[in-house]
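Undergrad: structure19.txt is reproduced below (compact mmCIF, C-alpha atoms and all ligand atoms).
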```txt
# COMPACT_ATOMS: atom_id res chain seq x y z
CA MET A 1 110.90 4.84 89.15
CA LYS A 2 111.92 8.07 87.48
CA ILE A 3 110.05 10.91 89.08
CA VAL A 4 110.20 14.59 89.96
CA LEU A 5 108.92 15.74 93.36
CA LEU A 6 107.42 19.22 93.43
CA GLY A 7 106.26 21.17 96.48
CA ALA A 8 106.96 24.23 98.61
CA PRO A 9 109.84 24.32 101.08
CA GLY A 10 108.65 22.32 104.10
CA ALA A 11 106.21 20.23 102.05
CA GLY A 12 108.11 17.07 102.98
CA LYS A 13 109.85 16.27 99.69
CA GLY A 14 112.95 14.96 101.46
CA THR A 15 111.00 12.64 103.76
CA VAL A 16 108.85 11.27 100.94
CA ALA A 17 111.92 10.81 98.72
CA LYS A 18 113.73 8.81 101.42
CA LEU A 19 110.72 6.53 101.93
CA LEU A 20 110.51 5.96 98.17
CA THR A 21 114.16 4.90 97.91
CA ASP A 22 113.44 2.13 100.43
CA TYR A 23 110.62 0.94 98.16
CA ASP A 24 112.49 0.14 94.95
CA GLY A 25 116.11 1.19 95.34
CA SER A 26 115.81 4.30 93.17
CA VAL A 27 118.27 6.97 94.28
CA GLN A 28 117.20 10.24 95.89
CA ILE A 29 118.85 13.21 94.23
CA SER A 30 118.46 16.34 96.32
CA THR A 31 120.10 19.46 94.91
CA GLY A 32 119.77 21.04 98.38
CA ASP A 33 121.78 18.17 99.93
CA ILE A 34 124.39 18.32 97.15
CA LEU A 35 124.77 22.08 97.66
CA ARG A 36 124.94 21.84 101.48
CA ALA A 37 127.63 19.15 101.20
CA ALA A 38 129.61 21.43 98.87
CA VAL A 39 129.30 24.34 101.32
CA LYS A 40 130.46 22.12 104.17
CA GLU A 41 133.42 20.92 102.13
CA GLY A 42 134.23 24.49 101.17
CA ASN A 43 134.86 23.62 97.51
CA GLU A 44 134.35 25.97 94.52
CA LEU A 45 130.70 25.03 94.08
CA GLY A 46 130.06 25.59 97.79
CA LYS A 47 131.75 28.98 97.78
CA GLU A 48 129.66 30.07 94.85
CA ALA A 49 126.37 28.77 96.26
CA LYS A 50 126.59 29.77 99.94
CA ALA A 51 125.47 33.41 99.83
CA TYR A 52 122.42 32.58 97.70
CA MET A 53 121.43 29.79 100.02
CA ASP A 54 121.82 31.80 103.23
CA ARG A 55 119.47 34.47 101.87
CA GLY A 56 116.94 31.89 100.75
CA ASP A 57 117.55 32.78 97.09
CA LEU A 58 117.91 30.24 94.31
CA VAL A 59 121.36 29.28 93.10
CA PRO A 60 121.79 30.21 89.39
CA ASP A 61 120.29 27.77 86.87
CA SER A 62 123.60 27.31 85.03
CA LEU A 63 125.30 26.01 88.18
CA ILE A 64 122.43 23.66 88.98
CA MET A 65 122.34 22.26 85.43
CA LYS A 66 126.08 21.58 85.52
CA ILE A 67 125.59 19.54 88.70
CA MET A 68 122.55 17.66 87.41
CA GLU A 69 123.91 16.89 83.97
CA ALA A 70 126.78 15.03 85.63
CA ARG A 71 124.68 13.49 88.38
CA LEU A 72 122.04 11.98 86.08
CA GLN A 73 124.73 10.19 84.08
CA GLU A 74 126.15 8.35 87.09
CA ASP A 75 125.58 4.58 87.12
CA ASP A 76 123.27 4.51 90.13
CA CYS A 77 120.63 6.48 88.21
CA GLN A 78 120.03 3.64 85.74
CA SER A 79 117.64 1.80 88.02
CA GLY A 80 115.70 4.96 88.82
CA PHE A 81 115.79 8.32 90.57
CA ILE A 82 113.67 10.65 92.65
CA LEU A 83 114.45 14.29 91.97
CA ASP A 84 113.95 16.26 95.18
CA GLY A 85 114.22 20.05 94.92
CA PHE A 86 115.02 20.04 91.20
CA PRO A 87 113.84 21.46 88.84
CA ARG A 88 113.03 24.70 90.68
CA THR A 89 112.48 27.08 87.75
CA ILE A 90 110.96 26.88 84.26
CA PRO A 91 114.41 27.17 82.60
CA GLN A 92 115.63 24.24 84.75
CA ALA A 93 112.56 22.18 83.77
CA GLU A 94 113.13 22.93 80.08
CA ALA A 95 116.82 22.08 80.36
CA LEU A 96 115.95 18.85 82.17
CA ARG A 97 113.49 17.90 79.43
CA GLU A 98 116.23 18.37 76.79
CA LEU A 99 118.81 16.53 78.88
CA LEU A 100 116.53 13.53 79.43
CA LYS A 101 115.68 13.45 75.73
CA ARG A 102 119.39 13.39 74.91
CA LEU A 103 120.03 10.58 77.42
CA ASP A 104 116.95 8.70 76.18
CA ILE A 105 115.34 8.67 79.63
CA ARG A 106 111.59 9.00 80.18
CA LEU A 107 110.06 10.45 83.34
CA ASP A 108 107.19 8.43 84.86
CA MET A 109 105.60 11.48 86.46
CA ALA A 110 105.95 14.71 88.38
CA VAL A 111 104.30 14.53 91.79
CA ASN A 112 103.18 17.76 93.43
CA LEU A 113 103.00 17.56 97.22
CA ASP A 114 100.18 19.94 97.98
CA VAL A 115 100.33 21.18 101.60
CA PRO A 116 98.24 24.05 103.07
CA LYS A 117 100.15 27.30 103.55
CA ASP A 118 99.60 27.56 107.32
CA VAL A 119 101.00 24.04 107.81
CA ILE A 120 104.07 24.93 105.73
CA LEU A 121 104.74 28.11 107.69
CA ASP A 122 104.37 26.37 111.03
CA ARG A 123 106.76 23.57 109.99
CA LEU A 124 109.42 25.94 108.70
CA THR A 125 109.46 28.34 111.65
CA THR A 126 109.67 25.56 114.25
CA ARG A 127 112.55 23.72 112.56
CA ARG A 128 115.95 23.72 114.27
CA THR A 129 119.25 22.10 113.27
CA CYS A 130 122.24 20.73 115.18
CA SER A 131 125.17 23.15 114.73
CA ASN A 132 127.72 20.34 114.51
CA PRO A 133 128.51 20.13 110.76
CA ASP A 134 129.12 16.38 111.05
CA CYS A 135 125.73 15.79 112.67
CA GLN A 136 123.15 18.31 111.38
CA ALA A 137 120.30 16.45 113.13
CA ILE A 138 116.92 18.08 112.51
CA TYR A 139 114.63 19.05 115.40
CA ASN A 140 111.25 20.69 115.74
CA ILE A 141 110.60 22.83 118.81
CA LYS A 142 107.01 21.54 119.00
CA SER A 143 107.03 17.94 117.84
CA ASN A 144 110.64 16.81 118.29
CA PRO A 145 112.51 19.22 120.61
CA PRO A 146 116.23 19.06 121.50
CA THR A 147 117.25 18.74 125.19
CA ALA A 148 115.94 21.30 127.71
CA GLU A 149 119.36 23.00 127.43
CA GLY A 150 118.87 23.37 123.68
CA THR A 151 121.54 20.85 122.79
CA CYS A 152 121.56 17.95 120.34
CA LYS A 153 120.42 14.57 121.67
CA LYS A 154 122.84 12.77 119.36
CA CYS A 155 126.06 14.74 119.77
CA GLY A 156 125.51 17.39 122.48
CA ALA A 157 126.28 20.41 120.27
CA PRO A 158 124.02 23.48 120.46
CA VAL A 159 120.89 23.27 118.33
CA ILE A 160 120.37 26.44 116.29
CA GLN A 161 118.20 28.10 113.69
CA ARG A 162 120.00 27.71 110.34
CA ASP A 163 120.76 30.91 108.41
CA ASP A 164 118.05 30.02 105.91
CA GLU A 165 115.57 29.22 108.72
CA THR A 166 115.29 32.75 110.11
CA GLU A 167 111.92 34.39 109.58
CA LYS A 168 113.31 36.70 106.92
CA ALA A 169 114.93 33.92 104.90
CA ILE A 170 111.83 31.71 105.23
CA MET A 171 109.59 34.48 103.85
CA ASN A 172 112.05 34.91 101.00
CA ARG A 173 112.10 31.15 100.27
CA LEU A 174 108.29 31.07 100.14
CA GLU A 175 108.11 34.11 97.87
CA THR A 176 110.74 32.60 95.61
CA TYR A 177 108.75 29.38 95.54
CA ASN A 178 105.53 31.15 94.53
CA GLU A 179 107.22 33.19 91.87
CA LYS A 180 109.69 30.73 90.33
CA THR A 181 108.75 27.18 91.28
CA ALA A 182 104.94 27.05 91.51
CA PRO A 183 104.70 27.62 87.69
CA LEU A 184 106.24 24.14 87.25
CA ILE A 185 102.89 22.65 88.26
CA SER A 186 101.29 23.83 85.03
CA PHE A 187 104.47 23.04 83.08
CA TYR A 188 104.19 19.35 84.03
CA GLU A 189 100.43 19.39 83.62
CA LYS A 190 100.91 20.43 80.00
CA GLU A 191 103.49 17.67 79.61
CA GLY A 192 100.84 15.22 80.78
CA LEU A 193 103.02 14.12 83.69
CA LEU A 194 101.45 15.82 86.71
CA LYS A 195 99.99 14.01 89.72
CA ASN A 196 98.74 16.26 92.49
CA ILE A 197 98.60 14.78 96.01
CA LEU A 198 97.11 16.50 99.03
CA SER A 199 99.96 15.63 101.35
CA LEU A 200 99.78 15.88 105.13
CA ASN A 201 101.21 12.49 105.98
CA SER A 202 104.38 11.23 104.26
CA ALA A 203 103.56 7.52 104.60
CA GLU A 204 100.13 7.97 103.00
CA THR A 205 101.64 10.09 100.24
CA VAL A 206 104.13 7.33 99.47
CA GLU A 207 101.31 4.77 99.22
CA GLU A 208 99.51 7.01 96.74
CA ILE A 209 102.64 7.41 94.62
CA LYS A 210 103.13 3.62 94.58
CA LYS A 211 99.57 3.20 93.33
CA TYR A 212 100.19 5.65 90.49
CA LEU A 213 103.39 3.80 89.58
CA ALA A 214 101.62 0.47 89.53
CA GLY A 215 99.30 1.72 86.96
P1 LIG B 301 114.02 23.82 100.90
O1 LIG B 301 113.18 23.04 99.92
O2 LIG B 301 113.73 23.50 102.32
O3 LIG B 301 114.07 25.29 100.62
P2 LIG B 301 116.45 22.60 99.75
O4 LIG B 301 117.25 21.73 100.63
O5 LIG B 301 115.74 21.98 98.62
O6 LIG B 301 115.51 23.38 100.75
O7 LIG B 301 117.36 23.76 99.16
C1 LIG B 301 118.10 24.61 99.98
C2 LIG B 301 118.63 25.79 99.15
O8 LIG B 301 119.49 25.31 98.12
C3 LIG B 301 117.57 26.58 98.43
O9 LIG B 301 117.01 27.59 99.24
C4 LIG B 301 118.37 27.16 97.26
O10 LIG B 301 119.16 28.26 97.66
C5 LIG B 301 119.31 26.04 96.91
N1 LIG B 301 118.76 25.11 95.88
C6 LIG B 301 118.42 23.81 96.04
N2 LIG B 301 117.97 23.27 94.91
C7 LIG B 301 118.02 24.27 93.97
C8 LIG B 301 117.68 24.34 92.58
N3 LIG B 301 117.19 23.28 91.91
N4 LIG B 301 117.86 25.53 91.96
C9 LIG B 301 118.35 26.60 92.60
N5 LIG B 301 118.68 26.60 93.90
C10 LIG B 301 118.54 25.44 94.60
ZN ZN B 302 124.14 16.84 116.73
```
For the structure just supplied, provide its representation as C-alpha cells.
Ligand code: ADP
Ligand code: ZN
TA:
Amino acid sequence: MKIVLLGAPGAGKGTVAKLLTDYDGSVQISTGDILRAAVKEGNELGKEAKAYMDRGDLVPDSLIMKIMEARLQEDDCQSGFILDGFPRTIPQAEALRELLKRLDIRLDMAVNLDVPKDVILDRLTTRRTCSNPDCQAIYNIKSNPPTAEGTCKKCGAPVIQRDDETEKAIMNRLETYNEKTAPLISFYEKEGLLKNILSLNSAETVEEIKKYLAG
C-alpha cells in the first residue's frame, strides 16, 4: 500500500501505521521518529530540529522535504509505504505531490484518523516517556503506568514528561495542528484521495483501511 495517515497529535497514527506494516510489509515512515533519532544522535539535522520540536513547533518544510525526498527513493519503499506525520503542511503536501509525480508513484489514499478533541487531550496529557535514550518506552499514567516509584518497567530509569509533552507544548502542538495540518483534509478531498475514519480503536481502524485497500 502507498498511503498517507492524517490526524491530530495523539490520534494514534504511529500505532495504526505499525499494525499496517505487519499486514503487507509496507514500511512505516515517521518523520517524528526520523527527527527524534537525529536529535538523539546529535547530528546536523538533529541540532537544527531540536528547538522546534521541544516547543511543539513544526520543523521547517525545506528540512522535511530534504529528508523525505531521500527516504522515498530508498529500496524498501518499492513495495509500499505508510507516511506517518508527513505531510504536515499544505506546502509539504504540494511538494510531495510533485515528488511522487516525478518518481512515478501513485498514492492509494490519504486516511484521516478522526478522534474527538477531549480524547486527544486526555491521551496527550497522560503520556509519559522513559528518560533512558536507549529505551524511550511509552507509558500512560492512567492506562499503562510505570512502577509506583515512577521508574521504567523495562530498564529502571526514571519515567518523565517529554519536553514536548508539557501542557504548554501540547497546547502549541494542537494549535499548530489546527492551523497548519487540518487543512490537508480538504487538500486530499479535492485530490479525490481522502478516507475519513472515526478512530477510537486502532485494530478496528486497521480493518477499515484494509477494506478500503481491497476495493
Ligand atoms: P506528534 O504527532 O505526537 O506531535 P510526531 O512524532 O509526529 O509527534 O512529531 C514530533 C515533532 O517532530 C513535531 O512536533 C514536529 O516538531 C516535528 N515534525 C514531525 N513531522 C514533521 C513534519 N512533517 N513537518 C514538520 N515538523 C515535523
Ligand atoms: Zn526504560
Undergrad: Within 6 Å of ligand ZN 302 (chain B), counting only C-alpha atoms and all ligand atoms, which protein or nucleic acid residues do you find, written as a list of chain:residue names?
TA: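 Result of the 6 Å neighbour search around ligand ZN 302 (chain B): A:Cys130, A:Asn132, A:Cys135, A:Gln136, A:Ala137, A:Cys152, A:Lys154, A:Cys155, A:Gly156, A:Ala157.
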Undergrad: Using all atoms listed in the file, what does the table of stretch 9-105 of chain A residues within 12 Å of stretch 171-179 of chain A look like, with each row giving the shortest atom pair and its distance in Å to one decimal, sorted by chain and ascending number, as CSV?
TA:
```
residue,atom,partner,partner_atom,distance
A:Pro9,CA,A:Leu174,CA,7.0
A:Gly10,CA,A:Leu174,CA,9.6
A:Ala11,CA,A:Leu174,CA,11.2
A:Tyr52,CA,A:Arg173,CA,10.7
A:Met53,CA,A:Arg173,CA,9.4
A:Asp54,CA,A:Arg173,CA,10.2
A:Arg55,CA,A:Asn172,CA,7.5
A:Gly56,CA,A:Arg173,CA,4.9
A:Asp57,CA,A:Arg173,CA,6.5
A:Leu58,CA,A:Thr176,CA,7.7
A:Val59,CA,A:Thr176,CA,11.4
A:Gly85,CA,A:Tyr177,CA,10.8
A:Pro87,CA,A:Tyr177,CA,11.6
A:Arg88,CA,A:Tyr177,CA,8.0
A:Thr89,CA,A:Tyr177,CA,8.9
A:Ile90,CA,A:Glu179,CA,10.6
```
Undergrad: Point out the residue among A:Phe81, A:Leu99, A:Asp24, A:Arg162 with the least atom-to-atom distance to ligand LIG 301 (chain B), counting only C-alpha atoms and all ligand atoms.
TA: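 When distances to ligand LIG 301 (chain B) are compared using only C-alpha atoms and all ligand atoms, the smallest one comes from A:Arg162.
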Undergrad: Find the residue from A:Asp114, A:Glu44, A:Glu208, A:Asp108 that sits nearest to A:Ile82; use only C-alpha atoms when measuring.
TA: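 So, comparing all the options, the nearest one is A:Asp108.
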Undergrad: Residues near stretch 29-39 of chain A, anyone? I mean within 8 Å using only C-alpha atoms, not counting same-chain ones fewer than 6 positions away, as a list in words.
TA: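 In the requested form, the answer reads Gly14, Leu45, Gly46, Lys47, Ala49, Lys50, Ile64, Phe81, Ile82, Leu83, Asp84, Gly85 and Phe86 of chain A.
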Undergrad: Which one of A:Ile185, A:Val111, A:Leu121, A:Ile170 sits closest to A:Lys13 if you count all atoms listed in the file?
TA: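 Distance minimum relative to A:Lys13 lands on A:Val111.
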Undergrad: I'd like the interatomic distance between atom CA of A:Ala8 and atom CA of A:Glu69, to a tenth of an Å.
TA: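 Answer for the atom CA of A:Ala8 to atom CA of A:Glu69 separation: 23.6 Å.
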Undergrad: Quick one: pull the distance between atom CA of A:Arg97 and atom N4 of ligand LIG 301 (chain B), Å, one decimal.
TA: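 If I compute the distance from atom CA of A:Arg97 to atom N4 of ligand LIG 301 (chain B), I get 15.3 Å.
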Undergrad: Within 12 Å of (116.9, 0.2, 93.9) (coordinates as in the file), grab all the protein and nucleic acid residues, counting all atoms listed in the file, and write them out as a PyMOL selection string.
TA: chain A and resi 1-2+18-28+75-82
Undergrad: Which centre and edge lengths in Å to one decimal define the box along x, y and z that fits every listed atom of ligand LIG 301 (chain B) plus 5 Å per side, as lines of an AutoDock Vina configuration file?
TA:
```
center_x = 116.3
center_y = 25.0
center_z = 97.1
size_x = 16.3
size_y = 16.5
size_z = 20.4
```
Undergrad: Taking only C-alpha atoms into account, name the residue in A:Asn112, A:Ile209, A:Arg106, A:Glu165 that is nearest to A:Pro183.
TA: A:Asn112
Undergrad: Could you rebuild stretch 93-109 of chain A with N, CA, C and O atoms and give it back as a CSV table (one decimal), keeping the file's coordinate frame?
TA:
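What ended up in out.csv:
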```
chain,number,residue,atom,x,y,z
A,93,ALA,N,113.5,23.3,84.2
A,93,ALA,CA,112.6,22.2,83.8
A,93,ALA,C,112.7,22.0,82.3
A,93,ALA,O,112.7,20.8,81.8
A,94,GLU,N,112.9,23.1,81.5
A,94,GLU,CA,113.1,22.9,80.1
A,94,GLU,C,114.5,22.3,79.8
A,94,GLU,O,114.6,21.4,78.9
A,95,ALA,N,115.5,22.7,80.5
A,95,ALA,CA,116.8,22.1,80.4
A,95,ALA,C,116.8,20.6,80.7
A,95,ALA,O,117.4,19.8,80.1
A,96,LEU,N,116.1,20.3,81.8
A,96,LEU,CA,116.0,18.8,82.2
A,96,LEU,C,115.3,18.0,81.1
A,96,LEU,O,115.7,16.9,80.7
A,97,ARG,N,114.2,18.6,80.5
A,97,ARG,CA,113.5,17.9,79.4
A,97,ARG,C,114.4,17.6,78.3
A,97,ARG,O,114.5,16.5,77.7
A,98,GLU,N,115.3,18.6,77.9
A,98,GLU,CA,116.2,18.4,76.8
A,98,GLU,C,117.3,17.3,77.2
A,98,GLU,O,117.6,16.5,76.4
A,99,LEU,N,117.8,17.5,78.4
A,99,LEU,CA,118.8,16.5,78.9
A,99,LEU,C,118.3,15.1,78.9
A,99,LEU,O,119.0,14.2,78.4
A,100,LEU,N,117.1,14.9,79.4
A,100,LEU,CA,116.5,13.5,79.4
A,100,LEU,C,116.3,13.0,78.0
A,100,LEU,O,116.5,11.8,77.8
A,101,LYS,N,115.9,13.9,77.1
A,101,LYS,CA,115.7,13.4,75.7
A,101,LYS,C,117.0,12.9,75.2
A,101,LYS,O,117.1,11.9,74.6
A,102,ARG,N,118.1,13.7,75.4
A,102,ARG,CA,119.4,13.4,74.9
A,102,ARG,C,119.9,12.1,75.5
A,102,ARG,O,120.5,11.3,74.8
A,103,LEU,N,119.6,11.8,76.8
A,103,LEU,CA,120.0,10.6,77.4
A,103,LEU,C,119.0,9.4,77.2
A,103,LEU,O,119.3,8.3,77.7
A,104,ASP,N,118.0,9.7,76.5
A,104,ASP,CA,117.0,8.7,76.2
A,104,ASP,C,116.3,8.1,77.5
A,104,ASP,O,116.2,6.9,77.6
A,105,ILE,N,116.0,9.0,78.4
A,105,ILE,CA,115.3,8.7,79.6
A,105,ILE,C,113.9,9.3,79.7
A,105,ILE,O,113.8,10.4,79.3
A,106,ARG,N,113.0,8.5,80.1
A,106,ARG,CA,111.6,9.0,80.2
A,106,ARG,C,111.2,9.1,81.6
A,106,ARG,O,111.3,8.2,82.4
A,107,LEU,N,110.6,10.3,82.0
A,107,LEU,CA,110.1,10.4,83.3
A,107,LEU,C,108.7,9.7,83.5
A,107,LEU,O,107.9,9.7,82.5
A,108,ASP,N,108.5,9.1,84.6
A,108,ASP,CA,107.2,8.4,84.9
A,108,ASP,C,106.2,9.5,85.2
A,108,ASP,O,105.0,9.5,84.7
A,109,MET,N,106.5,10.4,86.1
A,109,MET,CA,105.6,11.5,86.5
A,109,MET,C,106.3,12.6,87.3
A,109,MET,O,107.4,12.4,87.8
```
